[in-house]
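The next block is run30.tsv, given as TSV, N, CA and C atoms.
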```tsv
chain	number	residue	atom	x	y	z
U	12	MET	N	113.50	124.09	82.57
U	12	MET	CA	114.94	124.06	82.32
U	12	MET	C	115.15	123.86	80.83
U	13	ASP	N	115.97	124.71	80.25
U	13	ASP	CA	116.19	124.56	78.81
U	13	ASP	C	117.13	123.40	78.53
U	14	ASN	N	117.12	122.94	77.29
U	14	ASN	CA	117.95	121.80	76.92
U	14	ASN	C	119.35	122.22	76.49
U	15	GLY	N	119.68	123.52	76.64
U	15	GLY	CA	120.94	124.00	76.11
U	15	GLY	C	122.12	123.88	77.03
U	16	SER	N	121.96	124.14	78.31
U	16	SER	CA	123.13	124.26	79.18
U	16	SER	C	123.01	123.40	80.43
U	17	PHE	N	124.12	122.76	80.71
U	17	PHE	CA	124.23	121.97	81.93
U	17	PHE	C	124.80	122.81	83.09
U	18	LEU	N	125.31	124.00	82.80
U	18	LEU	CA	126.02	124.77	83.82
U	18	LEU	C	125.18	125.06	85.06
U	19	GLU	N	123.99	125.56	84.87
U	19	GLU	CA	123.15	125.93	86.01
U	19	GLU	C	122.76	124.71	86.85
U	20	PRO	N	122.23	123.63	86.25
U	20	PRO	CA	121.88	122.47	87.08
U	20	PRO	C	123.10	121.80	87.71
U	21	LEU	N	124.22	121.77	87.01
U	21	LEU	CA	125.43	121.18	87.60
U	21	LEU	C	125.93	122.02	88.77
U	22	SER	N	125.84	123.32	88.65
U	22	SER	CA	126.25	124.20	89.75
U	22	SER	C	125.36	123.99	90.97
U	23	ARG	N	124.06	123.88	90.73
U	23	ARG	CA	123.13	123.62	91.84
U	23	ARG	C	123.42	122.26	92.46
U	24	LEU	N	123.68	121.25	91.63
U	24	LEU	CA	123.98	119.91	92.14
U	24	LEU	C	125.24	119.93	92.99
U	25	ARG	N	126.25	120.65	92.55
U	25	ARG	CA	127.49	120.76	93.32
U	25	ARG	C	127.21	121.39	94.68
U	26	GLU	N	126.41	122.44	94.71
U	26	GLU	CA	126.07	123.10	95.98
U	26	GLU	C	125.31	122.15	96.91
U	27	VAL	N	124.40	121.38	96.35
U	27	VAL	CA	123.62	120.42	97.16
U	27	VAL	C	124.55	119.34	97.73
U	28	ILE	N	125.50	118.88	96.94
U	28	ILE	CA	126.45	117.87	97.41
U	28	ILE	C	127.30	118.42	98.55
U	29	LEU	N	127.72	119.68	98.43
U	29	LEU	CA	128.50	120.30	99.51
U	29	LEU	C	127.65	120.48	100.77
U	30	GLU	N	126.38	120.85	100.60
U	30	GLU	CA	125.46	120.96	101.74
U	30	GLU	C	125.29	119.60	102.41
U	31	GLU	N	125.20	118.56	101.59
U	31	GLU	CA	125.03	117.20	102.10
U	31	GLU	C	126.21	116.81	102.98
U	32	ARG	N	127.41	117.12	102.54
U	32	ARG	CA	128.61	116.79	103.31
U	32	ARG	C	128.63	117.56	104.64
U	33	LEU	N	128.28	118.83	104.59
U	33	LEU	CA	128.26	119.64	105.80
U	33	LEU	C	127.24	119.09	106.80
U	34	ALA	N	126.07	118.75	106.33
U	34	ALA	CA	125.04	118.17	107.21
U	34	ALA	C	125.52	116.85	107.81
U	35	ALA	N	126.22	116.06	107.01
U	35	ALA	CA	126.74	114.78	107.51
U	35	ALA	C	127.79	115.01	108.59
U	36	ARG	N	128.66	115.98	108.39
U	36	ARG	CA	129.67	116.29	109.40
U	36	ARG	C	129.04	116.74	110.71
U	37	GLU	N	127.93	117.47	110.59
U	37	GLU	CA	127.23	117.98	111.77
U	37	GLU	C	126.30	116.92	112.38
U	38	LEU	N	126.21	115.76	111.73
U	38	LEU	CA	125.31	114.68	112.14
U	38	LEU	C	123.86	115.17	112.22
U	39	ALA	N	123.50	116.05	111.29
U	39	ALA	CA	122.14	116.60	111.22
U	39	ALA	C	121.31	115.70	110.30
U	40	VAL	N	120.77	114.64	110.86
U	40	VAL	CA	120.07	113.61	110.08
U	40	VAL	C	118.86	114.17	109.35
U	41	ASP	N	118.04	114.97	110.04
U	41	ASP	CA	116.85	115.55	109.40
U	41	ASP	C	117.24	116.43	108.21
U	42	LYS	N	118.29	117.22	108.41
U	42	LYS	CA	118.77	118.08	107.33
U	42	LYS	C	119.29	117.24	106.17
U	43	MET	N	120.00	116.15	106.49
U	43	MET	CA	120.52	115.27	105.45
U	43	MET	C	119.40	114.66	104.63
U	44	LEU	N	118.32	114.24	105.30
U	44	LEU	CA	117.19	113.67	104.57
U	44	LEU	C	116.54	114.70	103.66
U	45	GLU	N	116.43	115.92	104.14
U	45	GLU	CA	115.88	117.01	103.34
U	45	GLU	C	116.76	117.28	102.12
U	46	ILE	N	118.06	117.30	102.32
U	46	ILE	CA	119.01	117.55	101.23
U	46	ILE	C	118.99	116.40	100.23
U	47	THR	N	118.85	115.17	100.72
U	47	THR	CA	118.78	114.02	99.82
U	47	THR	C	117.57	114.12	98.90
U	48	GLU	N	116.44	114.54	99.44
U	48	GLU	CA	115.24	114.74	98.61
U	48	GLU	C	115.49	115.83	97.57
U	49	LYS	N	116.14	116.90	98.00
U	49	LYS	CA	116.47	118.01	97.09
U	49	LYS	C	117.38	117.51	95.96
U	50	LYS	N	118.35	116.69	96.32
U	50	LYS	CA	119.29	116.14	95.34
U	50	LYS	C	118.57	115.23	94.35
U	51	GLU	N	117.66	114.38	94.85
U	51	GLU	CA	116.90	113.49	93.97
U	51	GLU	C	116.03	114.28	93.00
U	52	GLU	N	115.39	115.34	93.48
U	52	GLU	CA	114.55	116.18	92.61
U	52	GLU	C	115.40	116.85	91.53
U	53	LEU	N	116.55	117.33	91.92
U	53	LEU	CA	117.43	117.98	90.95
U	53	LEU	C	117.91	116.99	89.90
U	54	LEU	N	118.23	115.78	90.30
U	54	LEU	CA	118.65	114.75	89.34
U	54	LEU	C	117.52	114.39	88.39
U	55	LYS	N	116.28	114.34	88.91
U	55	LYS	CA	115.13	114.07	88.04
U	55	LYS	C	114.95	115.18	87.01
U	56	GLU	N	115.15	116.43	87.44
U	56	GLU	CA	115.05	117.56	86.52
U	56	GLU	C	116.11	117.48	85.43
U	57	MET	N	117.25	116.91	85.76
U	57	MET	CA	118.37	116.84	84.81
U	57	MET	C	118.23	115.70	83.81
U	58	LEU	N	117.32	114.77	84.04
U	58	LEU	CA	117.17	113.61	83.13
U	58	LEU	C	116.99	114.01	81.67
U	59	PRO	N	116.13	114.99	81.35
U	59	PRO	CA	115.99	115.35	79.93
U	59	PRO	C	117.28	115.85	79.30
U	60	LEU	N	118.17	116.42	80.10
U	60	LEU	CA	119.44	116.92	79.58
U	60	LEU	C	120.42	115.79	79.27
U	61	MET	N	120.20	114.64	79.84
U	61	MET	CA	121.15	113.53	79.68
U	61	MET	C	121.31	113.09	78.24
U	62	GLU	N	120.30	113.31	77.42
U	62	GLU	CA	120.42	112.95	76.00
U	62	GLU	C	121.51	113.75	75.31
U	63	ALA	N	121.75	114.96	75.82
U	63	ALA	CA	122.76	115.83	75.22
U	63	ALA	C	124.07	115.80	75.98
U	64	ALA	N	124.22	114.86	76.88
U	64	ALA	CA	125.40	114.81	77.74
U	64	ALA	C	126.70	114.61	76.96
U	65	ASP	N	126.63	114.02	75.79
U	65	ASP	CA	127.85	113.78	75.01
U	65	ASP	C	128.30	115.03	74.26
U	66	THR	N	127.56	116.13	74.36
U	66	THR	CA	127.93	117.37	73.67
U	66	THR	C	128.26	118.47	74.67
U	67	LEU	N	128.85	118.11	75.79
U	67	LEU	CA	129.20	119.10	76.80
U	67	LEU	C	130.31	120.03	76.31
U	68	THR	N	130.19	121.28	76.69
U	68	THR	CA	131.27	122.23	76.42
U	68	THR	C	132.40	121.93	77.39
U	69	PRO	N	133.60	122.43	77.12
U	69	PRO	CA	134.71	122.20	78.04
U	69	PRO	C	134.39	122.68	79.47
U	70	GLU	N	133.71	123.82	79.58
U	70	GLU	CA	133.35	124.35	80.89
U	70	GLU	C	132.35	123.42	81.60
U	71	GLU	N	131.36	122.92	80.87
U	71	GLU	CA	130.38	121.99	81.43
U	71	GLU	C	131.05	120.67	81.83
U	72	HIS	N	131.96	120.21	80.97
U	72	HIS	CA	132.67	118.96	81.26
U	72	HIS	C	133.50	119.10	82.54
U	73	GLU	N	134.19	120.22	82.70
U	73	GLU	CA	135.00	120.45	83.89
U	73	GLU	C	134.12	120.48	85.15
U	74	LEU	N	132.97	121.16	85.05
U	74	LEU	CA	132.06	121.22	86.19
U	74	LEU	C	131.47	119.84	86.49
U	75	ALA	N	131.17	119.08	85.45
U	75	ALA	CA	130.65	117.72	85.65
U	75	ALA	C	131.69	116.85	86.36
U	76	GLU	N	132.96	117.00	86.01
U	76	GLU	CA	134.03	116.26	86.68
U	76	GLU	C	134.14	116.66	88.15
U	77	THR	N	133.97	117.95	88.43
U	77	THR	CA	134.01	118.44	89.80
U	77	THR	C	132.86	117.84	90.61
U	78	VAL	N	131.67	117.86	90.03
U	78	VAL	CA	130.49	117.29	90.69
U	78	VAL	C	130.72	115.80	90.96
U	79	HIS	N	131.26	115.11	89.98
U	79	HIS	CA	131.53	113.68	90.14
U	79	HIS	C	132.52	113.43	91.28
U	80	SER	N	133.61	114.18	91.32
U	80	SER	CA	134.61	113.95	92.37
U	80	SER	C	134.08	114.35	93.75
U	81	GLU	N	133.27	115.41	93.83
U	81	GLU	CA	132.67	115.80	95.11
U	81	GLU	C	131.69	114.73	95.59
U	82	ASN	N	130.93	114.16	94.67
U	82	ASN	CA	129.99	113.10	95.03
U	82	ASN	C	130.73	111.85	95.49
U	83	LEU	N	131.83	111.51	94.82
U	83	LEU	CA	132.65	110.37	95.26
U	83	LEU	C	133.25	110.63	96.64
U	84	ARG	N	133.64	111.86	96.86
U	84	ARG	CA	134.20	112.23	98.17
U	84	ARG	C	133.15	112.01	99.26
U	85	ASN	N	131.91	112.43	98.99
U	85	ASN	CA	130.82	112.20	99.95
U	85	ASN	C	130.61	110.71	100.16
U	86	ALA	N	130.62	109.95	99.07
U	86	ALA	CA	130.39	108.51	99.17
U	86	ALA	C	131.47	107.87	100.06
U	87	TYR	N	132.72	108.27	99.87
U	87	TYR	CA	133.80	107.73	100.69
U	87	TYR	C	133.61	108.14	102.15
U	88	PHE	N	133.22	109.39	102.37
U	88	PHE	CA	132.97	109.88	103.72
U	88	PHE	C	131.87	109.07	104.40
U	89	PHE	N	130.75	108.85	103.67
U	89	PHE	CA	129.63	108.08	104.22
U	89	PHE	C	130.04	106.63	104.49
U	90	TRP	N	130.81	106.05	103.58
U	90	TRP	CA	131.29	104.67	103.74
U	90	TRP	C	132.17	104.56	104.98
U	91	SER	N	133.09	105.52	105.16
U	91	SER	CA	133.97	105.53	106.33
U	91	SER	C	133.17	105.69	107.61
U	92	ALA	N	132.20	106.59	107.59
U	92	ALA	CA	131.37	106.81	108.77
U	92	ALA	C	130.57	105.56	109.11
U	93	LEU	N	130.03	104.91	108.09
U	93	LEU	CA	129.27	103.68	108.32
U	93	LEU	C	130.15	102.60	108.93
U	94	ASN	N	131.35	102.45	108.43
U	94	ASN	CA	132.27	101.46	109.00
U	94	ASN	C	132.62	101.79	110.44
U	95	TRP	N	132.80	103.08	110.74
U	95	TRP	CA	133.08	103.49	112.11
U	95	TRP	C	131.91	103.13	113.03
U	96	VAL	N	130.69	103.39	112.56
U	96	VAL	CA	129.50	103.06	113.36
U	96	VAL	C	129.42	101.55	113.58
U	97	ARG	N	129.68	100.77	112.53
U	97	ARG	CA	129.65	99.31	112.67
U	97	ARG	C	130.69	98.82	113.68
U	98	GLU	N	131.91	99.37	113.59
U	98	GLU	CA	132.95	98.98	114.53
U	98	GLU	C	132.57	99.35	115.96
U	99	SER	N	132.01	100.54	116.13
U	99	SER	CA	131.59	101.00	117.45
U	99	SER	C	130.50	100.11	118.01
U	100	MET	N	129.53	99.77	117.17
U	100	MET	CA	128.45	98.90	117.62
U	100	MET	C	128.98	97.52	117.99
U	101	GLY	N	129.92	97.02	117.21
U	101	GLY	CA	130.52	95.72	117.52
U	101	GLY	C	131.27	95.76	118.85
U	102	PHE	N	132.01	96.83	119.08
U	102	PHE	CA	132.73	96.99	120.34
U	102	PHE	C	131.76	97.03	121.52
U	103	ILE	N	130.70	97.82	121.37
U	103	ILE	CA	129.70	97.93	122.44
U	103	ILE	C	129.02	96.58	122.67
U	104	ARG	N	128.64	95.93	121.58
U	104	ARG	CA	127.97	94.62	121.70
U	104	ARG	C	128.88	93.60	122.38
U	105	ASP	N	130.16	93.62	122.02
U	105	ASP	CA	131.10	92.66	122.62
U	105	ASP	C	131.30	92.91	124.11
U	106	HIS	N	131.14	94.14	124.55
U	106	HIS	CA	131.35	94.46	125.95
U	106	HIS	C	130.06	94.58	126.75
U	107	MET	N	128.95	94.39	126.09
U	107	MET	CA	127.66	94.50	126.75
U	107	MET	C	127.38	93.28	127.62
U	108	TYR	N	127.82	92.14	127.18
U	108	TYR	CA	127.53	90.90	127.88
U	108	TYR	C	128.77	90.46	128.64
U	109	PRO	N	128.63	90.19	129.92
U	109	PRO	CA	129.81	89.79	130.70
U	109	PRO	C	130.28	88.40	130.32
U	110	GLU	N	131.58	88.21	130.48
U	110	GLU	CA	132.11	86.87	130.26
U	110	GLU	C	131.80	86.03	131.48
U	111	ALA	N	131.55	84.81	131.25
U	111	ALA	CA	131.27	83.87	132.35
U	111	ALA	C	132.07	82.60	132.06
U	112	TYR	N	132.04	81.71	133.01
U	112	TYR	CA	132.77	80.46	132.84
U	112	TYR	C	131.79	79.30	132.88
U	113	ALA	N	131.94	78.40	131.95
U	113	ALA	CA	131.10	77.21	131.91
U	113	ALA	C	131.60	76.22	132.96
U	114	GLU	N	130.86	75.15	133.15
U	114	GLU	CA	131.25	74.13	134.12
U	114	GLU	C	132.62	73.54	133.80
U	115	SER	N	132.96	73.53	132.51
U	115	SER	CA	134.25	72.97	132.09
U	115	SER	C	135.40	73.95	132.33
U	116	GLY	N	135.07	75.19	132.68
U	116	GLY	CA	136.11	76.19	132.93
U	116	GLY	C	136.40	77.06	131.73
U	117	SER	N	135.76	76.80	130.60
U	117	SER	CA	135.99	77.63	129.43
U	117	SER	C	135.13	78.90	129.50
U	118	LYS	N	135.61	79.95	128.85
U	118	LYS	CA	134.87	81.21	128.85
U	118	LYS	C	133.67	81.11	127.90
U	119	VAL	N	132.58	81.68	128.32
U	119	VAL	CA	131.40	81.78	127.47
U	119	VAL	C	130.85	83.19	127.60
U	120	LYS	N	130.25	83.67	126.56
U	120	LYS	CA	129.62	84.98	126.60
U	120	LYS	C	128.27	84.83	127.27
U	121	GLY	N	127.99	85.72	128.21
U	121	GLY	CA	126.70	85.68	128.88
U	121	GLY	C	125.60	86.15	127.94
U	122	ARG	N	124.40	85.69	128.18
U	122	ARG	CA	123.26	86.10	127.35
U	122	ARG	C	122.58	87.32	127.94
U	123	TYR	N	122.95	87.70	129.12
U	123	TYR	CA	122.28	88.80	129.80
U	123	TYR	C	123.28	89.92	130.01
U	124	SER	N	122.78	91.10	130.26
U	124	SER	CA	123.68	92.24	130.39
U	124	SER	C	124.04	92.53	131.85
U	125	GLY	N	124.06	91.54	132.66
U	125	GLY	CA	124.47	91.72	134.05
U	125	GLY	C	123.69	90.80	134.96
U	126	THR	N	124.27	90.50	136.11
U	126	THR	CA	123.61	89.57	137.00
U	126	THR	C	122.32	90.13	137.59
U	127	LEU	N	122.27	91.42	137.84
U	127	LEU	CA	121.05	92.00	138.39
U	127	LEU	C	119.91	91.97	137.38
U	128	LEU	N	120.25	92.27	136.12
U	128	LEU	CA	119.22	92.25	135.09
U	128	LEU	C	118.79	90.84	134.73
U	129	SER	N	119.65	89.88	134.92
U	129	SER	CA	119.30	88.52	134.57
U	129	SER	C	118.47	87.84	135.67
U	130	GLY	N	118.50	88.39	136.86
U	130	GLY	CA	117.81	87.75	137.97
U	130	GLY	C	118.69	86.77	138.70
U	131	ARG	N	119.90	86.57	138.22
U	131	ARG	CA	120.83	85.66	138.88
U	131	ARG	C	121.77	86.49	139.78
U	132	VAL	N	122.15	85.93	140.87
U	132	VAL	CA	123.08	86.62	141.76
U	132	VAL	C	124.28	85.73	141.98
```

What does this structure look like when you write it as structure tokens?
Amino acid sequence: MDNGSFLEPLSRLREVILEERLAARELAVDKMLEITEKKEELLKEMLPLMEAADTLTPEEHELAETVHSENLRNAYFFWSALNWVRESMGFIRDHMYPEAYAESGSKVKGRYSGTLLSGRV
């Protein structure tokens, strides 16, 4: 990669970021891992260019801004998805164990996922 232009690597990075989002929407985990490796390799290739990052042309600067906003969009998407998964897991966990009553009459969460599985009837 020459030290002159950011256009080609930034364009490739933008495409990889868009691929990453599509794979995430499709819940294609293996594809996402493959794309993440591709993205990391591309970023490593771009490291030598970073010394010249303060001399971007207007076209390169505009593309860099696009890449930045697309990457932030992915980050927000991943953050939202992670929160949804956490909420779903919490809901499932809360409903996995039956409520029971202690000797005092207060509700307690059972430690087992049902009377048959616990051995108690």

- When you draw a straight line from atom N of Val40 (chain U) to atom N of Val96 (chain U), how long is it in Å? 15.1 Å

- Message: For a test of reading the model, state the distance in Å between CA of Thr66 (chain U) and CA of Ile46 (chain U), rounded to one decimal.
- Response: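 Straight-line distance from CA of Thr66 (chain U) to CA of Ile46 (chain U) works out to 29.0 Å.
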
- Item | Selected residue, from U:Glu76, U:Glu114, U:Glu71, U:Glu81, that lies nearest to Ser16 (chain U) when counting only C-alpha atoms |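 Checking each of U:Glu76, U:Glu114, U:Glu71, U:Glu81 against Ser16 (chain U), counting only C-alpha atoms, the winner is U:Glu71.
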
With only C-alpha atoms as the counted atoms, please give the residues lying no more than 9 Å from Ala75 (chain U), apart from itself and same-chain residues fewer than 3 positions off, as a short mmCIF file (atom, residue, chain, number, x, y, z; two decimals) with N, CA and C atoms, in the frame of the given file.
```cif
data_model
loop_
_atom_site.label_atom_id
_atom_site.label_comp_id
_atom_site.auth_asym_id
_atom_site.auth_seq_id
_atom_site.Cartn_x
_atom_site.Cartn_y
_atom_site.Cartn_z
N PHE U 17 124.12 122.76 80.71
CA PHE U 17 124.23 121.97 81.93
C PHE U 17 124.80 122.81 83.09
N LEU U 18 125.31 124.00 82.80
CA LEU U 18 126.02 124.77 83.82
C LEU U 18 125.18 125.06 85.06
N LEU U 21 124.22 121.77 87.01
CA LEU U 21 125.43 121.18 87.60
C LEU U 21 125.93 122.02 88.77
N SER U 22 125.84 123.32 88.65
CA SER U 22 126.25 124.20 89.75
C SER U 22 125.36 123.99 90.97
N ARG U 25 126.25 120.65 92.55
CA ARG U 25 127.49 120.76 93.32
C ARG U 25 127.21 121.39 94.68
N GLU U 70 133.71 123.82 79.58
CA GLU U 70 133.35 124.35 80.89
C GLU U 70 132.35 123.42 81.60
N GLU U 71 131.36 122.92 80.87
CA GLU U 71 130.38 121.99 81.43
C GLU U 71 131.05 120.67 81.83
N HIS U 72 131.96 120.21 80.97
CA HIS U 72 132.67 118.96 81.26
C HIS U 72 133.50 119.10 82.54
N VAL U 78 131.67 117.86 90.03
CA VAL U 78 130.49 117.29 90.69
C VAL U 78 130.72 115.80 90.96
N HIS U 79 131.26 115.11 89.98
CA HIS U 79 131.53 113.68 90.14
C HIS U 79 132.52 113.43 91.28
N SER U 80 133.61 114.18 91.32
CA SER U 80 134.61 113.95 92.37
C SER U 80 134.08 114.35 93.75
#
```

- Note on the structure: Between CA of Asp41 (chain U) and CA of Phe88 (chain U) lies a distance of 18.0 Å

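Taking chain U and asking which residues DSSP calls strand (DSSP E) on the backbone, you get Glu110, Ala111, Tyr112, Lys118, Val119 and Lys120 of chain U.
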
For those residues, write N, CA and C atoms to a file as an mmCIF file, keeping the file's coordinate frame.
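Ended up saving to again-v7.cif:
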```
data_model
loop_
_atom_site.group_PDB
_atom_site.id
_atom_site.type_symbol
_atom_site.label_atom_id
_atom_site.label_comp_id
_atom_site.auth_asym_id
_atom_site.auth_seq_id
_atom_site.Cartn_x
_atom_site.Cartn_y
_atom_site.Cartn_z
ATOM 1 N N GLU U 110 131.580 88.210 130.480
ATOM 2 C CA GLU U 110 132.110 86.870 130.260
ATOM 3 C C GLU U 110 131.800 86.030 131.480
ATOM 4 N N ALA U 111 131.550 84.810 131.250
ATOM 5 C CA ALA U 111 131.270 83.870 132.350
ATOM 6 C C ALA U 111 132.070 82.600 132.060
ATOM 7 N N TYR U 112 132.040 81.710 133.010
ATOM 8 C CA TYR U 112 132.770 80.460 132.840
ATOM 9 C C TYR U 112 131.790 79.300 132.880
ATOM 10 N N LYS U 118 135.610 79.950 128.850
ATOM 11 C CA LYS U 118 134.870 81.210 128.850
ATOM 12 C C LYS U 118 133.670 81.110 127.900
ATOM 13 N N VAL U 119 132.580 81.680 128.320
ATOM 14 C CA VAL U 119 131.400 81.780 127.470
ATOM 15 C C VAL U 119 130.850 83.190 127.600
ATOM 16 N N LYS U 120 130.250 83.670 126.560
ATOM 17 C CA LYS U 120 129.620 84.980 126.600
ATOM 18 C C LYS U 120 128.270 84.830 127.270
#
```

- Query: DSSP on the backbone: what in chain U comes out helix (DSSP H, G or I), as a ChimeraX atom specification?
  - Reply: /U:18-36,40-66,69-107,126-129

- Smallest atom-to-atom distance to Glu52 (chain U): which of U:Arg84, U:Arg97, U:Arg23, U:Arg32, using only C-alpha atoms? U:Arg23

- Task: Would you kindly return, as number ranges by chain, each protein, DNA or RNA residue with an atom no farther than 12 Å from any atom of Met61 (chain U), considering only C-alpha atoms and excluding same-chain residues fewer than 2 positions away?
- Result: U: 14-17, 20-21, 54-59, 63-67, 75

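With distances taken over all atoms listed in the file, U:Ile28 is the one residue among U:Ile28, U:Ser117, U:Met43, U:Glu19 lying closest to Asn82 (chain U).
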
Using the file's own x, y and z axes, so that the box edges lie along x, y and z, what centre and edge lengths in Å (one decimal) does a box around every listed atom of region 27-39 of chain U get when 4 Å is added on each side? Give it as lines of an AutoDock Vina configuration file.
```
center_x = 125.5
center_y = 118.0
center_z = 104.4
size_x = 16.4
size_y = 14.7
size_z = 24.0
```
